[in-house]
Each structure stands twice: as structure tokens, then as C-alpha cells.
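> Let me begin by handing over the structure; questions about it come next.
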Amino acid sequence: MKEKQTVDFKRELGLLDGTMLVVGSMIGSGIFIVSADIARQVGSAGWLILIWILTGLITVIAAVSYGELSAMFPKAGGQYVYLKEAYNNLIAFLYGWSFFAVIQTGTIAAVGVAFSKFAAYIFPQLSDENIVFSISNFKLNAAQIVSIITIIFLTYLNSRGVKNSKFLQTILTVIKIVSILGLILFGFILVAKASVWNQNWTNAFQLQSFNKDSGSWLPISGAGIIAAISAGMVGSVFSSDAWNGVTFIAGEIKNPKRNVGLSLFLGTFIVSLLYVLTNLMYLAVLPLNDIAFAKSDRVAVVASQAIFGDVGTTLIAILIMISTFACNNGLIMAGARVYYTMAQDGLFFKKAANLNKSSVPAWALWAQCIWASVLCLTGKYGDLLDFVVIIVLIFYILTIYGIFILRRKRPTLERPYKAFGYPFLPAFYILVATALSIGLLLTKFSTCGWGVLIMLSGIPIYFISKPNIEAK
């Protein structure tokens, strides 16, 4: 008979480490890019800022709501565990299935390729235009190779233990925060112009769409308002995601009943504030049209060039490389803990339930690495945005509604921390996120529909593996 595993997680992460994991996982490349698409969707400075504020508000509300769940179930697995406790194995499996198939691995792949694209600013030979290998319709470019190498390196680092990865995460995230604050301050101090600011805030809350034929902005009305706001929030919600990663590693957090919830609040608040300030800086430095139609949507590059001149391109490229590298380190570290917990419940490959001598789920880390690398090779990472967001929103809604269920189903369970503003703030999040999800399905069904289909495809897989689950 196989001996029972005696290796267990080591609680080596404090409040600072948890907060830096939240911040580092949230800030990838999105804040430097997606404001261009948001500006095109809504056509006004006021709505650009409102979308970022609303996204920040619902993100912080969701985070403090998760604080109650993390204090009740302070162990590895996070959101997967909360869904299992509030609902059942099927709902938990669908989350884990979607998490592995698209949410975490797809995001890791996208962030990895973003790293390589900005590395090509400094080393042009790393560009995605540099085709290294070609056979039939498949082409392997240098950017894909670099992204895969970074994913493999970070996976290896994480497989050696949590100490090395937490040190790297904290250092890079501090550098990232200081750099973004520097960009914001220099933008306001050195370049901000009253004429640009005032022009951007003229008719600031009039929703508009850009007409390519006439080359002008046209007012949006009726059903177009829902479509514009929903489409605009895709980028901001995607850029603000991955904050729940700290719940996945609760088994390695010191005093998790206190520190996980605090890390969630502090991390999401810091990032939401940075995002709003960054966009205000964009509006102080660049005309709205320059934001909306920045080359390749790289708004931060255009802003940095305006602030620092030609050297700005190199500076922002280095910042985004640091940002995406730290982001992927946090994503890789957190994701494997979900597969580990799923495997213990019989819902994932058995080997993923084992910890190595460094007390980390190495097999789960490498499985995640392989699939994320495959997604890098598909070249379809850009198409993941819409259906990643719809899946993420659906499970956030279910998880936060799980707070209401658990209050009724398990009223005597110890709650060291209770969701702030319950029931009003959690209900507000559910309403906003549901409205956004419906808006996305109505206006972007061709892409968001695929997200829902991927999620639902897990149902037959669950019932095929059900005998293994019941044997647990």
C-alpha cells in the first residue's frame, strides 16, 4: 500500500508577501494597453475614468467579500474550495476545469507573450515578426519562444520552494509600483497641459463612437449605451483580475484568517488607485484621440514618449517587462495550488495532489506550464480576452452569492471576519457583474459564447470521472 504523503505546505508568507502577490498578479500589461480600446468604445474622458472607477469599486467589494470566505476556509485552493462548500462538487469542478483550460493558463500565456513583445523593443530580434521555424500553416516566432522560456523559468523557480518565488515577487512588485508612481508624477509635473486636459473634459460624459468614414465621433444612444459600457469594461475587468490568487495559497500564509483578507483589501485598493491615477495622467498628457488610436494600443508608450522623449520607449518597455514577469510569477505560483486541491478531491490528475521535498505541488506546476506553453504556440491568446472575462465574472458572481448561501446553510461556522457591508455591498457586486455579463452575452456572443461553451463542456467530463470522485 502506498504511504500517505507526509509533506505539507509551509506557512512562510506574511501580510506583505500576500499583498505583493495580489498587486503583482493584478498588474500585468493591461493598464498600459487597454485604455485605448476603452476610449474607442465610450469616446469620452469622463466615461473612461468612470469605467476604471466602477471596475475598481466592484473589485474591492469582491475582495473584501472574499475575506469572509478566506477566513472560514483558510487552506489551499481558494475559490475552488469556496464553491465546493457553498454548492457542490460539480460547480467546483466546472470552475477548476475552466481555470485550467482557459482562465489561468490562458492568462499566463497572454502575459508571457506581452513580456516578449515589449522585450522586442530593446532586442528587435525577439519580435513576433522573426519567424524561427515554419511548417505548413504553423509558424514559430521568436516572441513565442521567449514567452515559453519565461514560463518554464518561473515554473522551475516556483518548483524549488515558495521562498525564492516570494522574494522575487515582492522585489519586482515594489519596483513596479514605484515605476508606475514615477510615470504618473513625471506626467503630471513635466508634461501635463491645461489645454489638453480641458479639451479632453469638454463634453466629458457624452458617450460617442468613432465613425471611420467621416473620421469623427458620433453620439451613442439607446441600446448602444449598454453595448459601449459592456465592451469598454472588458479591458478594465481583465486588467483588474487575478486578485484572488492569494486565496489559492492560503495554506502557505501565516495567520491566514487575518492576513488573506487584509492582503485582498490592501492589494486591490492599491491597484485600483494606481489604475485611476494612471488614466488621469494619460488624459493630462495626451488628447483623447491619441489615447484611443495609439499605435498597437500602446497608450503608455505614447505617454512615456511625451514625458521622456525617445528614451521613453525603452523605459516603458523595461517597466512592462518587469510588470509582466512579476505578474506571471504570481499567476504561476497561485494556479498550481488549485489543481493540487482538485486532485485531492479526485477532480484532477492524481499526481497533482503530491508535494515535492520543497513542499510545493511541482507536478501541478509543470502541468500548468505545459498547457500554458501550448496556448502560447496557438497564437490565439489575444482572442481569449472576451471569453476569459465572461467565465471569470460568472464564477465571481457564484462565489459571492455563496456567502449568502453559507450564512443560511452553516450559520454556526466560525467567521473571524465578516464581509464588509453585508448584504448590501455583496449584492451590489452581484447586480453589477450580472448586468455586465448579460451585456457581454448580448453584444459579444460570438466570443463570450465560446467562453460559456468551454465552461459547460466540463459537465460531461465531470460525470465521466464521477466514480473516482465518489471513491474519495
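Quick note on naming: the chains in the C-alpha cells go A, B, ... in the order shown, residues restart at 1 in each chain, and ligands are numbered from 1 in order of appearance.
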Would you mind writing down, as a ChimeraX atom specification, each residue of range 350-417 of chain A that DSSP on the backbone assigns to helix (DSSP H, G or I)?
/A:350-353,362-378,381-409
> What's the 10 Å shell around Ile391 in chain A, counting only C-alpha atoms, without same-chain residues fewer than 4 positions away, as a list of chain:residue names?
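Everything that qualifies: A:Tyr95, A:Ser98, A:Phe99, A:Val102, A:Ile103, A:Asp386, A:Phe387, A:Phe395, A:Tyr396, A:Ser437, A:Cys448, A:Gly449, A:Trp450, A:Gly451, A:Val452, A:Leu453, A:Ile454, A:Met455.
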> Any chance you can output those residues with N, CA and C atoms as a PDB file, in the first residue's frame?

```
ATOM      1  N   TYR A  95     -15.529  25.192 -12.230  1.00  0.00           N
ATOM      2  CA  TYR A  95     -14.591  26.301 -12.025  1.00  0.00           C
ATOM      3  C   TYR A  95     -13.157  25.836 -12.279  1.00  0.00           C
ATOM      4  N   SER A  98     -12.517  25.212 -15.994  1.00  0.00           N
ATOM      5  CA  SER A  98     -12.377  26.481 -16.722  1.00  0.00           C
ATOM      6  C   SER A  98     -11.061  27.167 -16.351  1.00  0.00           C
ATOM      7  N   PHE A  99     -10.686  27.051 -15.088  1.00  0.00           N
ATOM      8  CA  PHE A  99      -9.466  27.667 -14.580  1.00  0.00           C
ATOM      9  C   PHE A  99      -8.248  27.110 -15.302  1.00  0.00           C
ATOM     10  N   VAL A 102      -8.653  27.640 -19.535  1.00  0.00           N
ATOM     11  CA  VAL A 102      -8.600  28.978 -20.120  1.00  0.00           C
ATOM     12  C   VAL A 102      -8.125  30.053 -19.146  1.00  0.00           C
ATOM     13  N   ILE A 103      -8.785  30.156 -17.985  1.00  0.00           N
ATOM     14  CA  ILE A 103      -8.606  31.344 -17.149  1.00  0.00           C
ATOM     15  C   ILE A 103      -7.138  31.560 -16.764  1.00  0.00           C
ATOM     16  N   ASP A 386     -12.260  38.171 -24.303  1.00  0.00           N
ATOM     17  CA  ASP A 386     -13.701  38.221 -24.061  1.00  0.00           C
ATOM     18  C   ASP A 386     -14.201  37.009 -23.296  1.00  0.00           C
ATOM     19  N   PHE A 387     -13.816  35.795 -23.720  1.00  0.00           N
ATOM     20  CA  PHE A 387     -14.402  34.654 -23.033  1.00  0.00           C
ATOM     21  C   PHE A 387     -13.707  34.293 -21.734  1.00  0.00           C
ATOM     22  N   PHE A 395     -18.133  33.050 -12.309  1.00  0.00           N
ATOM     23  CA  PHE A 395     -17.709  32.373 -11.081  1.00  0.00           C
ATOM     24  C   PHE A 395     -17.524  33.347  -9.918  1.00  0.00           C
ATOM     25  N   TYR A 396     -17.189  34.599 -10.201  1.00  0.00           N
ATOM     26  CA  TYR A 396     -17.167  35.586  -9.119  1.00  0.00           C
ATOM     27  C   TYR A 396     -18.578  35.792  -8.562  1.00  0.00           C
ATOM     28  N   SER A 437     -22.311  40.869 -17.413  1.00  0.00           N
ATOM     29  CA  SER A 437     -22.279  39.558 -18.080  1.00  0.00           C
ATOM     30  C   SER A 437     -23.372  39.458 -19.150  1.00  0.00           C
ATOM     31  N   CYS A 448     -17.917  35.654 -26.332  1.00  0.00           N
ATOM     32  CA  CYS A 448     -18.284  35.278 -24.963  1.00  0.00           C
ATOM     33  C   CYS A 448     -19.020  33.933 -24.929  1.00  0.00           C
ATOM     34  N   GLY A 449     -19.774  33.656 -25.984  1.00  0.00           N
ATOM     35  CA  GLY A 449     -20.477  32.380 -26.063  1.00  0.00           C
ATOM     36  C   GLY A 449     -19.514  31.209 -26.018  1.00  0.00           C
ATOM     37  N   TRP A 450     -18.342  31.376 -26.638  1.00  0.00           N
ATOM     38  CA  TRP A 450     -17.331  30.321 -26.597  1.00  0.00           C
ATOM     39  C   TRP A 450     -16.847  30.096 -25.167  1.00  0.00           C
ATOM     40  N   GLY A 451     -16.754  31.196 -24.400  1.00  0.00           N
ATOM     41  CA  GLY A 451     -16.340  31.056 -23.013  1.00  0.00           C
ATOM     42  C   GLY A 451     -17.313  30.204 -22.227  1.00  0.00           C
ATOM     43  N   VAL A 452     -18.600  30.476 -22.393  1.00  0.00           N
ATOM     44  CA  VAL A 452     -19.630  29.702 -21.699  1.00  0.00           C
ATOM     45  C   VAL A 452     -19.604  28.250 -22.175  1.00  0.00           C
ATOM     46  N   LEU A 453     -19.375  28.040 -23.466  1.00  0.00           N
ATOM     47  CA  LEU A 453     -19.318  26.679 -24.011  1.00  0.00           C
ATOM     48  C   LEU A 453     -18.155  25.886 -23.419  1.00  0.00           C
ATOM     49  N   ILE A 454     -16.997  26.533 -23.286  1.00  0.00           N
ATOM     50  CA  ILE A 454     -15.840  25.867 -22.680  1.00  0.00           C
ATOM     51  C   ILE A 454     -16.167  25.448 -21.253  1.00  0.00           C
ATOM     52  N   MET A 455     -16.818  26.348 -20.518  1.00  0.00           N
ATOM     53  CA  MET A 455     -17.189  26.046 -19.144  1.00  0.00           C
ATOM     54  C   MET A 455     -18.148  24.849 -19.097  1.00  0.00           C
TER      55      MET A 455
END
```
> Have a look at A:Ser65, A:Thr278, A:Thr314, A:Gln199 and name the one nearest to Ile122 in chain A; count only C-alpha atoms.
A:Thr314
> Using only C-alpha atoms, find the one residue out of A:Ala143, A:Ala250, A:Ile151, A:Ala204 that sits nearest to Gly18 in chain A.
A:Ala250
> DSSP on the backbone: what in range 200-300 of chain A comes out strand (DSSP E or B), as a PyMOL selection string?
chain A and resi 208-211+216-219+253
> Let me see the file: selected residues, N, CA, C and O atoms, as an mmCIF file, in the first residue's frame.

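Wrote it out as selection-v2.cif, contents follow:
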```
data_model
loop_
_atom_site.group_PDB
_atom_site.id
_atom_site.type_symbol
_atom_site.label_atom_id
_atom_site.label_comp_id
_atom_site.auth_asym_id
_atom_site.auth_seq_id
_atom_site.Cartn_x
_atom_site.Cartn_y
_atom_site.Cartn_z
ATOM 1 N N GLN A 208 -19.766 58.342 -27.106
ATOM 2 C CA GLN A 208 -19.592 58.521 -28.550
ATOM 3 C C GLN A 208 -18.899 57.309 -29.156
ATOM 4 O O GLN A 208 -18.151 56.606 -28.477
ATOM 5 N N SER A 209 -19.159 57.091 -30.423
ATOM 6 C CA SER A 209 -18.432 56.065 -31.175
ATOM 7 C C SER A 209 -17.747 56.730 -32.358
ATOM 8 O O SER A 209 -18.253 57.719 -32.903
ATOM 9 N N PHE A 210 -16.603 56.178 -32.764
ATOM 10 C CA PHE A 210 -15.842 56.791 -33.846
ATOM 11 C C PHE A 210 -16.300 56.242 -35.191
ATOM 12 O O PHE A 210 -16.351 55.026 -35.386
ATOM 13 N N ASN A 211 -16.667 57.133 -36.094
ATOM 14 C CA ASN A 211 -17.088 56.750 -37.441
ATOM 15 C C ASN A 211 -15.894 56.845 -38.383
ATOM 16 O O ASN A 211 -15.384 57.939 -38.640
ATOM 17 N N SER A 216 -15.008 61.144 -37.559
ATOM 18 C CA SER A 216 -15.477 61.948 -36.425
ATOM 19 C C SER A 216 -16.224 61.075 -35.428
ATOM 20 O O SER A 216 -16.596 59.938 -35.725
ATOM 21 N N TRP A 217 -16.470 61.633 -34.227
ATOM 22 C CA TRP A 217 -17.196 60.934 -33.180
ATOM 23 C C TRP A 217 -18.682 61.204 -33.305
ATOM 24 O O TRP A 217 -19.095 62.338 -33.535
ATOM 25 N N LEU A 218 -19.486 60.148 -33.152
ATOM 26 C CA LEU A 218 -20.939 60.283 -33.229
ATOM 27 C C LEU A 218 -21.563 59.841 -31.904
ATOM 28 O O LEU A 218 -21.102 58.868 -31.292
ATOM 29 N N PRO A 219 -22.612 60.548 -31.418
ATOM 30 C CA PRO A 219 -23.240 60.202 -30.131
ATOM 31 C C PRO A 219 -23.814 58.786 -30.137
ATOM 32 O O PRO A 219 -24.284 58.286 -31.155
ATOM 33 N N ILE A 253 0.146 30.898 3.920
ATOM 34 C CA ILE A 253 0.086 32.234 4.518
ATOM 35 C C ILE A 253 0.098 32.114 6.042
ATOM 36 O O ILE A 253 -0.642 31.309 6.617
#
```
